[in-house]
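Here's coords18.txt, which has compact mmCIF, C-alpha atoms and all ligand atoms:
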```
# COMPACT_ATOMS: atom_id res chain seq x y z
CA MET A 1 11.50 -11.28 21.35
CA SER A 2 12.45 -7.86 19.91
CA PRO A 3 9.89 -5.08 20.45
CA ILE A 4 9.26 -5.01 16.71
CA ALA A 5 8.58 -8.76 16.63
CA ASP A 6 6.22 -8.24 19.57
CA HIS A 7 4.39 -5.40 17.80
CA LEU A 8 4.09 -7.39 14.58
CA GLN A 9 2.47 -10.21 16.49
CA ALA A 10 0.08 -7.80 18.25
CA VAL A 11 -0.96 -6.14 14.97
CA ARG A 12 -1.44 -9.53 13.30
CA GLN A 13 -3.70 -10.48 16.21
CA ARG A 14 -5.76 -7.32 15.74
CA ILE A 15 -6.20 -8.17 12.05
CA ASP A 16 -7.10 -11.78 12.76
CA ARG A 17 -9.67 -10.82 15.42
CA ALA A 18 -11.23 -8.18 13.15
CA ALA A 19 -11.46 -10.76 10.36
CA GLN A 20 -13.03 -13.37 12.59
CA ALA A 21 -15.53 -10.82 13.93
CA CYS A 22 -16.96 -10.37 10.43
CA GLY A 23 -16.55 -13.92 9.16
CA ARG A 24 -13.57 -13.25 6.91
CA GLU A 25 -10.57 -15.51 6.44
CA PRO A 26 -7.61 -13.87 8.28
CA ALA A 27 -5.21 -15.21 5.65
CA ALA A 28 -6.99 -13.08 3.03
CA ILE A 29 -5.53 -9.95 4.64
CA THR A 30 -1.89 -9.03 4.05
CA LEU A 31 -0.08 -6.92 6.63
CA MET A 32 2.23 -4.39 5.01
CA ALA A 33 4.82 -3.04 7.48
CA VAL A 34 5.31 0.65 6.63
CA SER A 35 8.97 1.28 7.41
CA LYS A 36 9.32 4.85 6.06
CA THR A 37 11.65 6.97 8.23
CA PHE A 38 12.87 3.87 10.12
CA ASP A 39 16.35 2.53 9.46
CA ALA A 40 17.52 -0.78 8.03
CA ASP A 41 18.02 -2.23 11.53
CA ALA A 42 14.32 -1.79 12.22
CA VAL A 43 13.41 -3.47 8.92
CA GLN A 44 15.93 -6.25 9.64
CA ALA A 45 14.27 -6.89 13.03
CA ALA A 46 10.94 -7.35 11.22
CA ILE A 47 12.57 -9.66 8.65
CA ASP A 48 14.19 -11.68 11.42
CA ALA A 49 10.71 -12.05 12.92
CA GLY A 50 9.57 -13.58 9.62
CA HIS A 51 7.96 -10.53 8.03
CA THR A 52 8.36 -10.07 4.26
CA VAL A 53 6.00 -7.28 3.06
CA PHE A 54 7.16 -3.68 3.46
CA GLY A 55 5.91 -0.25 2.41
CA GLU A 56 7.96 2.87 1.76
CA SER A 57 7.03 6.44 0.77
CA TYR A 58 10.36 7.82 -0.48
CA VAL A 59 12.09 5.80 -3.16
CA GLN A 60 15.67 6.91 -2.47
CA GLU A 61 15.30 6.15 1.21
CA ALA A 62 13.90 2.73 0.31
CA ILE A 63 16.73 1.85 -2.11
CA ALA A 64 19.41 2.81 0.41
CA LYS A 65 17.72 0.70 3.07
CA ILE A 66 17.20 -2.34 0.84
CA ALA A 67 20.93 -2.41 0.08
CA LEU A 68 21.73 -2.84 3.79
CA LEU A 69 19.44 -5.80 4.49
CA ARG A 70 20.65 -9.33 5.02
CA VAL A 71 18.12 -11.31 3.04
CA ALA A 72 18.02 -13.68 0.07
CA PRO A 73 17.11 -11.95 -3.20
CA GLY A 74 13.43 -12.02 -4.03
CA GLN A 75 12.37 -12.86 -0.50
CA LEU A 76 10.77 -9.49 0.24
CA ALA A 77 7.94 -7.58 -1.40
CA TRP A 78 8.37 -3.79 -1.56
CA HIS A 79 5.31 -1.59 -1.89
CA PHE A 80 5.62 2.07 -2.84
CA ILE A 81 2.92 4.14 -1.10
CA GLY A 82 4.24 7.70 -1.37
CA PRO A 83 3.60 10.60 -3.73
CA LEU A 84 4.76 9.79 -7.27
CA GLN A 85 7.05 12.27 -8.96
CA SER A 86 7.82 11.76 -12.59
CA ASN A 87 11.57 12.23 -12.09
CA LYS A 88 11.55 9.31 -9.61
CA ALA A 89 9.47 6.99 -11.79
CA ARG A 90 12.48 5.06 -13.11
CA GLN A 91 13.69 4.18 -9.62
CA VAL A 92 10.20 3.15 -8.57
CA ALA A 93 9.77 1.00 -11.69
CA GLU A 94 13.15 -0.68 -11.18
CA HIS A 95 13.05 -1.31 -7.42
CA MET A 96 9.46 -1.75 -6.33
CA ASP A 97 7.09 -4.71 -6.67
CA TRP A 98 3.91 -2.71 -6.05
CA VAL A 99 2.80 0.93 -6.33
CA HIS A 100 -0.33 2.04 -4.42
CA SER A 101 -0.30 5.72 -5.30
CA ILE A 102 -1.19 5.91 -9.00
CA ASP A 103 -3.37 9.01 -9.34
CA ARG A 104 -3.00 10.03 -12.99
CA LEU A 105 -2.54 8.32 -16.34
CA LYS A 106 0.70 10.08 -17.23
CA ILE A 107 2.62 8.63 -14.29
CA ALA A 108 1.14 5.18 -14.94
CA GLN A 109 2.30 5.33 -18.56
CA ARG A 110 5.76 6.35 -17.44
CA LEU A 111 5.99 3.49 -14.94
CA SER A 112 4.86 1.05 -17.63
CA ASP A 113 7.45 2.40 -20.09
CA LEU A 114 10.22 2.19 -17.49
CA ARG A 115 9.42 -1.19 -15.94
CA PRO A 116 12.36 -3.46 -16.87
CA ASP A 117 11.51 -6.47 -19.05
CA SER A 118 13.53 -8.65 -16.68
CA LEU A 119 10.93 -8.06 -13.97
CA GLY A 120 7.30 -9.10 -13.96
CA PRO A 121 4.61 -6.46 -14.39
CA LEU A 122 4.47 -3.80 -11.69
CA GLN A 123 1.44 -4.43 -9.46
CA VAL A 124 -0.53 -1.22 -9.05
CA CYS A 125 -3.43 0.29 -7.14
CA LEU A 126 -5.10 3.61 -7.87
CA GLN A 127 -5.05 6.04 -4.97
CA VAL A 128 -8.54 7.48 -4.48
CA ASN A 129 -9.26 10.78 -2.74
CA ILE A 130 -12.16 9.08 -1.01
CA ASP A 131 -13.31 12.09 1.04
CA ASN A 132 -12.84 14.57 -1.84
CA GLU A 133 -10.38 16.59 0.26
CA PRO A 134 -9.08 19.61 -1.68
CA THR A 135 -5.43 19.23 -0.62
CA LYS A 136 -5.21 15.44 -0.73
CA SER A 137 -3.66 13.51 -3.59
CA GLY A 138 -5.58 10.77 -5.31
CA VAL A 139 -8.04 10.48 -8.17
CA ALA A 140 -11.56 11.79 -7.52
CA PRO A 141 -14.11 8.99 -6.96
CA ALA A 142 -16.01 10.10 -10.08
CA ASP A 143 -12.90 9.58 -12.23
CA VAL A 144 -11.81 6.18 -10.91
CA LEU A 145 -13.42 4.00 -13.58
CA THR A 146 -11.98 5.99 -16.49
CA LEU A 147 -8.48 5.93 -15.02
CA ALA A 148 -8.77 2.24 -14.13
CA GLN A 149 -9.73 1.31 -17.69
CA ALA A 150 -6.76 3.22 -19.09
CA VAL A 151 -4.29 1.77 -16.59
CA HIS A 152 -5.63 -1.73 -17.24
CA GLY A 153 -4.53 -1.31 -20.86
CA LEU A 154 -0.87 -0.59 -20.05
CA PRO A 155 1.43 -3.50 -20.93
CA ARG A 156 3.90 -3.51 -18.04
CA LEU A 157 1.46 -2.73 -15.23
CA GLN A 158 -1.06 -5.03 -13.61
CA LEU A 159 -3.98 -3.15 -12.13
CA ARG A 160 -4.81 -4.82 -8.79
CA GLY A 161 -7.22 -2.42 -7.11
CA LEU A 162 -7.71 0.71 -5.05
CA MET A 163 -5.99 2.45 -2.16
CA ALA A 164 -7.20 5.29 0.06
CA ILE A 165 -6.18 7.31 3.10
CA PRO A 166 -9.47 8.66 4.50
CA ALA A 167 -9.67 11.87 6.49
CA PRO A 168 -8.75 10.94 10.08
CA SER A 169 -11.67 10.23 12.40
CA ASP A 170 -11.96 8.64 15.85
CA ASP A 171 -15.49 7.49 15.07
CA PRO A 172 -15.55 3.87 13.87
CA ALA A 173 -18.79 4.51 11.98
CA VAL A 174 -17.18 7.37 10.03
CA GLN A 175 -14.08 5.23 9.39
CA ARG A 176 -16.22 2.38 8.09
CA ALA A 177 -18.27 4.66 5.85
CA ALA A 178 -15.16 5.89 4.02
CA PHE A 179 -13.83 2.34 3.57
CA ALA A 180 -17.27 1.20 2.38
CA ARG A 181 -17.17 3.90 -0.31
CA LEU A 182 -13.82 2.57 -1.53
CA ALA A 183 -15.19 -0.98 -1.54
CA ALA A 184 -18.18 0.23 -3.60
CA LEU A 185 -15.82 1.77 -6.17
CA GLN A 186 -13.95 -1.54 -6.33
CA GLN A 187 -17.28 -3.25 -7.03
CA GLN A 188 -17.94 -0.72 -9.79
CA LEU A 189 -14.65 -1.71 -11.45
CA GLN A 190 -15.47 -5.41 -11.12
CA ASP A 191 -18.92 -4.83 -12.62
CA ALA A 192 -17.18 -3.17 -15.57
CA GLY A 193 -15.15 -6.34 -16.09
CA LEU A 194 -11.86 -5.25 -14.55
CA PRO A 195 -10.17 -8.13 -12.67
CA VAL A 196 -9.28 -6.15 -9.52
CA ASP A 197 -8.79 -8.04 -6.25
CA THR A 198 -7.06 -5.58 -3.90
CA LEU A 199 -8.40 -3.05 -1.40
CA SER A 200 -5.43 -1.31 0.23
CA MET A 201 -6.94 0.41 3.26
CA GLY A 202 -6.49 0.66 7.00
CA MET A 203 -3.56 1.95 9.07
CA SER A 204 -2.50 1.79 12.73
CA ASP A 205 -5.58 3.59 14.05
CA ASP A 206 -8.36 2.27 11.82
CA LEU A 207 -7.39 -1.18 10.60
CA GLU A 208 -10.34 -2.92 12.27
CA ALA A 209 -12.83 -0.74 10.36
CA ALA A 210 -10.94 -1.40 7.12
CA VAL A 211 -10.94 -5.16 7.64
CA ALA A 212 -14.68 -5.04 8.37
CA GLU A 213 -15.22 -3.34 4.99
CA GLY A 214 -13.09 -5.76 2.99
CA ALA A 215 -9.44 -4.60 3.13
CA THR A 216 -7.05 -7.11 1.58
CA ILE A 217 -3.88 -5.14 2.43
CA VAL A 218 -3.54 -3.04 5.57
CA ARG A 219 -0.64 -0.57 5.76
CA VAL A 220 0.69 -0.27 9.31
CA GLY A 221 3.65 1.82 10.44
CA THR A 222 3.34 3.35 13.91
CA ALA A 223 1.87 0.28 15.61
CA ILE A 224 4.87 -1.78 14.44
CA PHE A 225 7.86 0.56 14.43
CA GLY A 226 6.75 3.33 16.83
CA THR A 227 6.14 7.04 16.38
CA ARG A 228 7.86 8.64 13.40
CA ALA A 229 10.21 11.57 13.98
CA TYR A 230 8.81 13.31 10.88
CA ALA A 231 5.65 12.85 8.83
C1 LIG R 1 2.75 6.38 6.68
C2 LIG R 1 1.67 5.69 5.95
C3 LIG R 1 0.96 4.61 6.52
C4 LIG R 1 1.18 4.11 7.93
O1 LIG R 1 0.49 4.90 8.84
P1 LIG R 1 0.48 4.59 10.41
O2 LIG R 1 -0.59 5.46 10.94
O3 LIG R 1 1.83 4.92 10.93
O4 LIG R 1 0.15 3.14 10.58
C5 LIG R 1 -0.01 4.00 5.74
N1 LIG R 1 -0.27 4.40 4.48
C6 LIG R 1 0.37 5.42 3.91
C7 LIG R 1 0.04 5.83 2.52
C8 LIG R 1 1.35 6.10 4.63
O5 LIG R 1 1.98 7.14 4.04
```
As structure tokens, the full file:
Amino acid sequence: MSPIADHLQAVRQRIDRAAQACGREPAAITLMAVSKTFDADAVQAAIDAGHTVFGESYVQEAIAKIALLRVAPGQLAWHFIGPLQSNKARQVAEHMDWVHSIDRLKIAQRLSDLRPDSLGPLQVCLQVNIDNEPTKSGVAPADVLTLAQAVHGLPRLQLRGLMAIPAPSDDPAVQRAAFARLAALQQQLQDAGLPVDTLSMGMSDDLEAAVAEGATIVRVGTAIFGTRAYA
């Protein structure tokens, strides 16, 4: 087995054990392999191991990589998880299946306007600055409902839920508290009648805490592909 196939299996086992430990169905949790900074050969190794869900942070890097893969069209799901710049919105709208980093209405409107009719609606999550960190991107927790209602009204987007990258902590209780706050915001949206079903939370170092608090997509890079050469 390739090292990447091995790592995928090990991460899947971590997810499954974390789900079982809290009485959740393991199949309810999607593993997104975050392949940013890794080349097409690394992605191909994951595909050859049967993996189909990938996350990227830089759209040009993603498009170049996708072109090199040996895979039947439509077999993969590509999730954009990086900072959204308005001059890159067209490429994101044309090449990605999901966007997890919506943090303002203007960029959401642009993605909706630019999403080709030949594709289904772009699946989107709002990125929440869950720890209210001054330098971090993401919508403030207090503004999530207003933004969610506006995004829900856009014709070519489908609002699926919330994403967050909490401030790093080694303390599982602190990790869980941040994920619990995101889950509570999700509940607030559901109470307001928004049909959101996705909590995108948990990475290589904190996925167990995220699963315990209800993650439906975990975004894992390092534990699958190794240490990145740049951030
Ligand atoms: C890079 C990245 C990840 C993956 O992080 P790891 O710690 O390598 O698992 C997850 N989510 C986002 C938004 C990222 O940018």
Q.
Given the point (-12.7, 9.9, -3.8) in the coordinates of this file, which residues lie within 7 Å, counting only C-alpha atoms, and how would they look as number ranges by chain?
A. A: 128-132, 139-141
Q | 6 Å shell around ligand LIG 1 (chain R) using all atoms listed in the file, listed as a PyMOL selection string | A | chain A and resi 34+81-82+203-204+219-222
Q.
Counting all atoms listed in the file, which residues sit no farther than 8 Å from the position (-13.8, 2.8, -8.6) in the file's frame? I'd like them as an NGL selection string.
A. :A and (141-145 or 148 or 162 or 182 or 184-189)
Q: Find the residues around segment 22-24 of chain A up to 10 Å (all atoms listed in the file counted), leave out those fewer than 5 positions away in its own chain, and share them as a list in words.
A: Asp16, Arg17, Ile29, Val211, Ala212, Glu213 and Gly214 of chain A
(Q) Between A:Ser35, A:Gln44, A:Gln127, A:Thr146, which residue has the minimum interatomic distance to Arg228 of chain A, considering all atoms listed in the file? (A)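 That would be A:Ser35, the residue with the smallest distance to Arg228 of chain A.
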Q | Interatomic distance, atom CA of Glu208 of chain A to atom CA of Gly55 of chain A (Å, one decimal) | A | 19.2 Å
Q.
Counting all atoms listed in the file, which residue out of A:Gln158, A:Phe38, A:Ala18, A:Ala45 sits closest to Thr227 of chain A?
A. A:Phe38
Q.
Nearest residue to Val124 of chain A out of A:Ile66, A:Val71, A:Leu199, A:Ile165, using all atoms listed in the file?
A.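 Checking each of A:Ile66, A:Val71, A:Leu199, A:Ile165 against Val124 of chain A, counting all atoms listed in the file, the winner is A:Leu199.
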Q. What is the distance between atom CA of Leu69 of chain A and atom CA of Asp39 of chain A, in Å to one decimal?
A.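 Taking atom CA of Leu69 of chain A as the start and atom CA of Asp39 of chain A as the end point, the length is 10.2 Å.
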Name all residues at most 7 Å from segment 83-91 of chain A (count all atoms listed in the file; drop same-chain ones fewer than 3 positions away) and give them as a PDB file with C-alpha atoms, in the frame of the given file.
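File selection-v1.pdb, as written:
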```pdb
ATOM      1  CA  VAL A  59      12.090   5.800  -3.160  1.00  0.00           C
ATOM      2  CA  GLU A  94      13.150  -0.680 -11.180  1.00  0.00           C
ATOM      3  CA  HIS A  95      13.050  -1.310  -7.420  1.00  0.00           C
ATOM      4  CA  SER A 101      -0.300   5.720  -5.300  1.00  0.00           C
ATOM      5  CA  ILE A 107       2.620   8.630 -14.290  1.00  0.00           C
ATOM      6  CA  ARG A 110       5.760   6.350 -17.440  1.00  0.00           C
ATOM      7  CA  LEU A 111       5.990   3.490 -14.940  1.00  0.00           C
ATOM      8  CA  LEU A 114      10.220   2.190 -17.490  1.00  0.00           C
TER       9      LEU A 114
END
```
Q. Between A:Met201, A:Leu157, A:Leu194, A:Ala210, which has the minimum distance to Arg176 of chain A (counting all atoms listed in the file)?
A. A:Ala210
Q: Would you kindly return, as a PyMOL selection string, each protein, DNA or RNA residue with an atom no farther than 8 Å from any atom of Arg156 of chain A, considering all atoms listed in the file and excluding same-chain residues fewer than 5 positions away?
A: chain A and resi 111-113+115+120-122
Q.
So the first atom is atom CA of Gln175 of chain A and the second is atom CA of Ala209 of chain A; what is the distance between them in Å, to one decimal place?
A.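 Going from atom CA of Gln175 of chain A over to atom CA of Ala209 of chain A, I get 6.2 Å.
Residue nearest Ala180 of chain A within the list A:Leu147, A:Phe80, A:Pro166, A:Phe225: A:Pro166 [criterion: smallest interatomic distance, only C-alpha atoms].
Among the candidates A:Ala229, A:Ala192, A:Leu68, A:Ala223, the residue lying nearest to Leu207 of chain A is A:Ala223 (atoms considered: all atoms listed in the file).
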7 Å contact set for Met96 of chain A, all atoms listed in the file, chain neighbours under 3 positions out, as a compact mmCIF listing (two decimals) with C-alpha atoms, keeping the file's coordinate frame:
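Okay, this is what ended up in part.txt:
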```txt
# COMPACT_ATOMS: atom_id res chain seq x y z
CA TRP A 78 8.37 -3.79 -1.56
CA HIS A 79 5.31 -1.59 -1.89
CA PHE A 80 5.62 2.07 -2.84
CA VAL A 92 10.20 3.15 -8.57
CA ALA A 93 9.77 1.00 -11.69
```
